[in-house]
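Here is the structure we will look at.
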Amino acid sequence: MPAHKIKPNIYFVGTIDWDRRSFDELIPLPQGTTYNSYLIRGNKKTILIDTVDPSKWHELIDNLKVLQVKNIDYIIANHAEQDHSGALPYVLGDYPSAKIITNFKCKDFLQALLHIPDNRFITVKDGDTIAVGGKTFEFIFTPWAHWPDTMLTYLREDKILFTCDLFGSHIATSELYAENVPNIYEAAKRYYAEIMMPFRINIRNHVKRIEGLNIKLIAPSHGPIYRQPSFILDAYKVWISNNVKNEVIIAFVSMHGSTRKMVEYLVDSLIKRDITVKPFNLTKTDIGELAMALVDAATIVIASPTVLVGAHRPKAKFAAIIGSYGWSGRMADQIKDILSGLRLEILDPIIVRGLPKQDDFKALDKLADEIKKKHRELGVIDKVI
Ligand code: FEO
């Protein structure tokens, strides 16, 4: 992506990765991503905020050349993960007097990951500022969003908050601004669900602090820039809250069709009770879709002999286990053990031998009744709490 002017002396100099389809070999990226880097020219100094993935270093350097950047004084590293830091060695090589400004933890990671020498760093503390002639940068530490090193940089005069991963979205787009991207809400929610959701409680505190700032632009390091900060802040406030919806997720695996039969029956049974239900066949599902559903669901049903929910803490209040077995029926106990660390009320499991029979379907109806009762008690029937 060519360099774009955001405001006088402030430029987007990042890159678009149209083809990337997986992140950390774990997270699906159906729409690619961007690695955003920002150049700011103060009266006295030139600053770069974050770099790009190492595979795109040449595009970043090209953008700096097009803008005739002869010298970079400081590179602010908000986060050490390589999609933002990987091009640092190239930039440091081309701009030999540049120093990296970051926190102690991020410096430690950058040195471990990229072997950058000590004398290229200036470390800052939470709340520190650096003024470079008409531009004052304030550093706001936001640990565990989503690594322990993460921080934000607030450019006071222009009221721009550079948030690196926080508030980002994995979406390759030539649009610089979020309001021009029709599916930005879904892209940002997927990003939150895949990356930030396990750190919901930390992020709640960070958002409170951010709301105390006067912000005109939120400029993340993935996806477009928010000219209406309230759009993404309001969305995050819903996602990080304890509120859930009248929704049930059924995560299932079926080997020979018995568990599938139970799932299909329970899906219909819940629909008849006006409960939104989202079944996910874990052998086929896009885990990003499943993660997004976890943001809202009041109940999770696990229907599989071998499926794990995972160690993070979803907001769901209830869980149920259904499934079938051939000769050993301990699956429910094993999954209960796995779920025991989560603050969930576990409803009575329904475990059948072989193909479900009429009585088993009746038991599924009872489970659907129980879920409806629980949702009513929670106050999520027909409204979001
Ligand atoms: Fe976009 Fe945590 O890296």
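In the structure tokens, the first chain shown is A, the next is B, and so on; residue numbers restart at 1 for each chain, and ligands run from 1 in the order shown.
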
*Hey, which residues come within 8 Å of ligand 1 if we count only C-alpha atoms and all ligand atoms? Could you give them as an MDAnalysis selection string?*
chainID A and resid 35 79:84 146:147 164:165 221:222

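When the distance limit is 12 Å and only C-alpha atoms are what count, the residues near A:Lys336, minus those fewer than 5 positions from it on the same chain, are Val301, Ile302, Pro305, Val307, Leu308, Val309, Ala319, Ala320, Ile321, Ile322, Arg330, Met331, Gly341, Leu342, Arg343, Leu344, Glu345, Ile346, Leu347, Asp348 and Pro349 of chain A.
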
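Across A:Val207, A:Ile47, A:Leu67, A:Ile76, the tightest approach to A:Lys135 is made by A:Ile47 when counting only C-alpha atoms.
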
Residues within 6 Å of stretch 290-295 of chain A, only C-alpha atoms, excluding chain neighbours under 5 positions, as an mmCIF file with N, CA and C atoms, in the first residue's frame:
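And here is the file that came out, part.cif:
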```
data_model
loop_
_atom_site.group_PDB
_atom_site.id
_atom_site.type_symbol
_atom_site.label_atom_id
_atom_site.label_comp_id
_atom_site.auth_asym_id
_atom_site.auth_seq_id
_atom_site.Cartn_x
_atom_site.Cartn_y
_atom_site.Cartn_z
ATOM 1 N N ARG A 190 -14.393 -10.493 15.113
ATOM 2 C CA ARG A 190 -13.633 -11.738 14.908
ATOM 3 C C ARG A 190 -12.234 -11.590 15.515
ATOM 4 N N ALA A 193 -12.446 -11.691 19.219
ATOM 5 C CA ALA A 193 -12.759 -13.041 19.703
ATOM 6 C C ALA A 193 -11.553 -13.963 19.591
ATOM 7 N N GLU A 194 -10.819 -13.844 18.504
ATOM 8 C CA GLU A 194 -9.686 -14.741 18.270
ATOM 9 C C GLU A 194 -8.481 -14.395 19.145
#
```
